[in-house]
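Down below is the structure, laid out as structure tokens.
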Amino acid sequence: MAAKRDYYEVLGVGKDADEAEIKKAYRKLAVKYHPDKNPGDKTAEEKFKELGEAYEVLGHPEKRAAYDRYGHRAFEPGGGFGGGGFGGGAHVDPFEIFREVFGGSGIFDEFFGGGGGGARGGRDSTRRGSDLRYDMELTFEEAVFGCEKEIRVRKAVACGDCGGSGAAPGSRKVGCPTCAGSGHVRASVGGFISMLQTCPRCQGSGQMVDKPCGKCGGSGRAEQATVVKLRVPPGVDTGTRLRSAGEGEAGVRGGEPGDLYVVLHVQEHPVFKRDGQDLFCEVPIPFTTAALGGEVRVPTLTGPATIRIPAGTQGGKVLRLRAKGIPSLRGAGVGDLHVGLAVEVPTRLTKEQRRLLEDFAKASGGDTYPQQASFFEKAKRFFTETRHGH
């Protein structure tokens with residue numbers, strides 16, 4: 001498989017380009033390589049797809065920031081945005097991106113010769129509702145073990161008076177005065193491209209009701225606060241995005257509802273640090289335990305555990321407790337807990353303790369501190385070689 005090209009290179013912009021420059025570059029190249037303008041040209045079709053993938057990332061601040069930091073790896077499974085996250089460029093619909101950038105679902109009638117379809121035939125008055133985003137904070141434990149949450153979202157829902165149709169009782173359909181019943185209005189892109197867009201007044205149906213619903217004004221929607229129940233699976237992390245299908249805004253005039261995307265933000269833990277599925281913590285142990293060996297109680301997410309400290313343990317040694325970390329979001333096992341040992345030296349000594357330590361120091365030979373002996377041997381060899389000019 002060929003390596004992906006740099007997204008900035010694909011759009012022909014610098015890494016310091018602002019949103020307007022990126023959008024302008026995409027519009028220019030997307031028109032050039034649109035399949036309707038290049039029928040049967042597979043190269044143009046691939047370039048069009050590549051442009052959509054690049055714009056889907058660079059045209060969105062959060063995705064662009066992830067790409068600037070991690071490159072294409074950010075959108076691979078487990079990379080933060082892929083595999084249940086925001087999704088990488090390989091999963092986007094280039095035609096949907098094209099319609100989004102150029103507005104609505106209109107067609108390029110004169111420029112592209114009518115290809116690409118209209119506003120759903122120019123007679124469908126419904127329109128899918130908008131997707132919504134909700135940012136939710138979780139405790140560390142909620143993220144690790146999963147939880148049930150209820151969130152309150154203010155959104156457009158189907159109007160209760162007209163059932164989402166937008167029509168008052170006894171109303172009839174009439175031709176839309178804005179588009180003269182065609183469902184499209186003509187617009188100019190860049191001053192030289194003639195473009196048909198979905199009529200903003202009738203949403204492409206070409207028709208309107210003569211008596212709109214008095215409550216919703218004919219849109220079929222009304223705004224209200226709604227409680228949404230959400231199940232957070234075990235193992236989520238900051239940046240994980242959960243999708244609740246159909247919980248976005250209601251569609252226009254009975255159209256399909258959008259989705260709700262909940263972006264998670266996990267609080268830091270006072271003891272543990274997380275790296276993927278693994279946990280890390282540092283536990284202080286007395287210098288006597290490090291020298292003589294023994295057992296030490298250490299914290300885990302499911303309660304205290306006892307670990308065995310070998311005699312002669314040095315500060316900084318890391319011991320591993322298997323399957324005491326974070327469960328995989330995809331069900332592929334549980335990570336480990338890595339315990340770093342910090343040897344603690346007493347700050348106050350009694351006279352008796354001091355005397356015993358002094359006796360111990362006098363009785364200690366070179367074999368007692370092998371790391372120290374090794375260090376000074378290396379230092380001695382270094383200075384000897386330096387004096388001889390090596």
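By convention here, the chains of the structure tokens are called A, B, ... in the order presented, each chain's residues are numbered starting at 1, and ligands are numbered starting at 1 in the order presented.
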Exercise for review: Please provide the set of residues having any atom within 6 Å of Gln207 of chain A, restricted to only C-alpha atoms, with same-chain residues fewer than 3 positions apart removed, written as a count of residues only.
Suggested key: 3
Exercise for review: Using DSSP on the backbone coordinates, identify all residues within segment 211-370 of chain A classified as strand (DSSP E or B); present the result as an MDAnalysis selection string.
Suggested key: chainID A and resid 212 221:232 241:244 252 260:266 273:275 278:286 294:298 305:309 318:321 327 334 337:344
Review point. Got a sec: who's within 12 Å of Ala342 of chain A, counting only C-alpha atoms, leaving out chain neighbours fewer than 4 positions off, as an MDAnalysis selection string?
Key: chainID A and resid 281:287 289:290 309 313:319
Just to be explicit: take each residue in the selection above, keep N, CA, C and O atoms, and write the result as a short mmCIF file (atom, residue, chain, number, x, y, z; two decimals), in the first residue's frame.
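Full text of result.cif as output:
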```
data_model
loop_
_atom_site.label_atom_id
_atom_site.label_comp_id
_atom_site.auth_asym_id
_atom_site.auth_seq_id
_atom_site.Cartn_x
_atom_site.Cartn_y
_atom_site.Cartn_z
N CYS A 281 2.64 4.14 39.10
CA CYS A 281 2.64 4.87 40.37
C CYS A 281 3.98 4.69 41.05
O CYS A 281 4.74 3.76 40.73
N GLU A 282 4.31 5.56 41.97
CA GLU A 282 5.57 5.48 42.71
C GLU A 282 5.26 5.26 44.19
O GLU A 282 4.44 5.98 44.77
N VAL A 283 5.92 4.29 44.78
CA VAL A 283 5.68 3.94 46.18
C VAL A 283 6.98 4.08 46.97
O VAL A 283 7.99 3.46 46.60
N PRO A 284 6.98 4.89 48.04
CA PRO A 284 8.20 5.01 48.87
C PRO A 284 8.34 3.79 49.78
O PRO A 284 7.35 3.29 50.33
N ILE A 285 9.57 3.29 49.92
CA ILE A 285 9.83 2.17 50.83
C ILE A 285 11.01 2.55 51.73
O ILE A 285 11.91 3.28 51.32
N PRO A 286 11.04 2.08 52.99
CA PRO A 286 12.15 2.38 53.89
C PRO A 286 13.46 1.80 53.34
O PRO A 286 13.46 0.75 52.68
N PHE A 287 14.58 2.48 53.61
CA PHE A 287 15.86 2.00 53.09
C PHE A 287 16.23 0.65 53.71
O PHE A 287 16.93 -0.14 53.11
N THR A 289 14.05 -1.78 54.27
CA THR A 289 13.34 -2.78 53.48
C THR A 289 14.04 -3.01 52.15
O THR A 289 14.14 -4.14 51.66
N ALA A 290 14.56 -1.91 51.58
CA ALA A 290 15.29 -2.04 50.32
C ALA A 290 16.54 -2.89 50.52
O ALA A 290 16.90 -3.70 49.65
N ILE A 309 9.55 -7.34 48.06
CA ILE A 309 10.73 -6.53 47.72
C ILE A 309 11.97 -7.39 47.91
O ILE A 309 12.26 -7.83 49.04
N THR A 313 17.36 -4.17 46.89
CA THR A 313 16.66 -3.42 45.85
C THR A 313 17.15 -1.97 45.80
O THR A 313 17.28 -1.31 46.83
N GLN A 314 17.42 -1.49 44.59
CA GLN A 314 17.89 -0.13 44.41
C GLN A 314 16.72 0.81 44.12
O GLN A 314 15.68 0.40 43.58
N GLY A 315 16.89 2.06 44.48
CA GLY A 315 15.87 3.06 44.18
C GLY A 315 15.64 3.19 42.68
O GLY A 315 16.58 3.12 41.89
N GLY A 316 14.39 3.34 42.28
CA GLY A 316 14.06 3.45 40.86
C GLY A 316 13.66 2.15 40.21
O GLY A 316 13.20 2.14 39.07
N LYS A 317 13.82 1.02 40.92
CA LYS A 317 13.42 -0.27 40.36
C LYS A 317 11.91 -0.28 40.16
O LYS A 317 11.16 0.23 40.99
N VAL A 318 11.46 -0.86 39.08
CA VAL A 318 10.03 -0.92 38.76
C VAL A 318 9.56 -2.36 38.78
O VAL A 318 10.14 -3.23 38.13
N LEU A 319 8.53 -2.61 39.57
CA LEU A 319 7.91 -3.94 39.64
C LEU A 319 6.57 -3.91 38.91
O LEU A 319 5.88 -2.89 38.92
#
```
Check your understanding: DSSP on the backbone: what in segment 184-301 of chain A comes out alpha helix (DSSP H), as a list in words?
Key -> Phe287, Thr288, Thr289, Ala290, Ala291 and Leu292 of chain A
Review point. What lies within 9 Å of Pro310 of chain A using only C-alpha atoms, ignoring chain neighbours under 4 positions off, as a ChimeraX atom specification?
Key: /A:289-295
Practice item. Might you pull out every residue within 7 Å of segment 57-65 of chain A, with only C-alpha atoms counted and same-chain residues fewer than 2 positions away left off, and present them as a PyMOL selection string? Key: chain A and resi 19+22-23+53-55+67-69+89
**Study point:** Shell of 7 Å around segment 322-332 of chain A, only C-alpha atoms, local chain residues under 4 positions omitted, as a VMD selection string
**Key:** chain A and resid 144 234 to 236 277 to 279 300 336 to 337
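For the choices A:Val271, A:Leu341, A:Ile151, A:Val31, the atom-to-atom distance to Ala44 of chain A is smallest for A:Val31 when using only C-alpha atoms.
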Practice item. Just give me the gap between atom CA of Ala158 of chain A and atom CA of Ala250 of chain A in Å, one decimal is fine. Key: 5.8 Å
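The shell of residues at most 12 Å from Asp161 of chain A, with only C-alpha atoms counted and near chain neighbours (fewer than 6 positions) removed, consists of A:Ala167, A:Ala168, A:Pro169, A:Pro212, A:Cys213, A:Gly214, A:Lys215, A:Cys216, A:Gly217, A:Gly218, A:Ser219, A:Gly220, A:Arg221, A:Ala222.
Among the candidates A:Gly246, A:Val262, A:Pro94, A:Arg253, the one nearest to Lys149 of chain A when counting only C-alpha atoms is A:Val262.
Atom CA of Glu249 of chain A lies 23.2 Å from atom CA of His265 of chain A.
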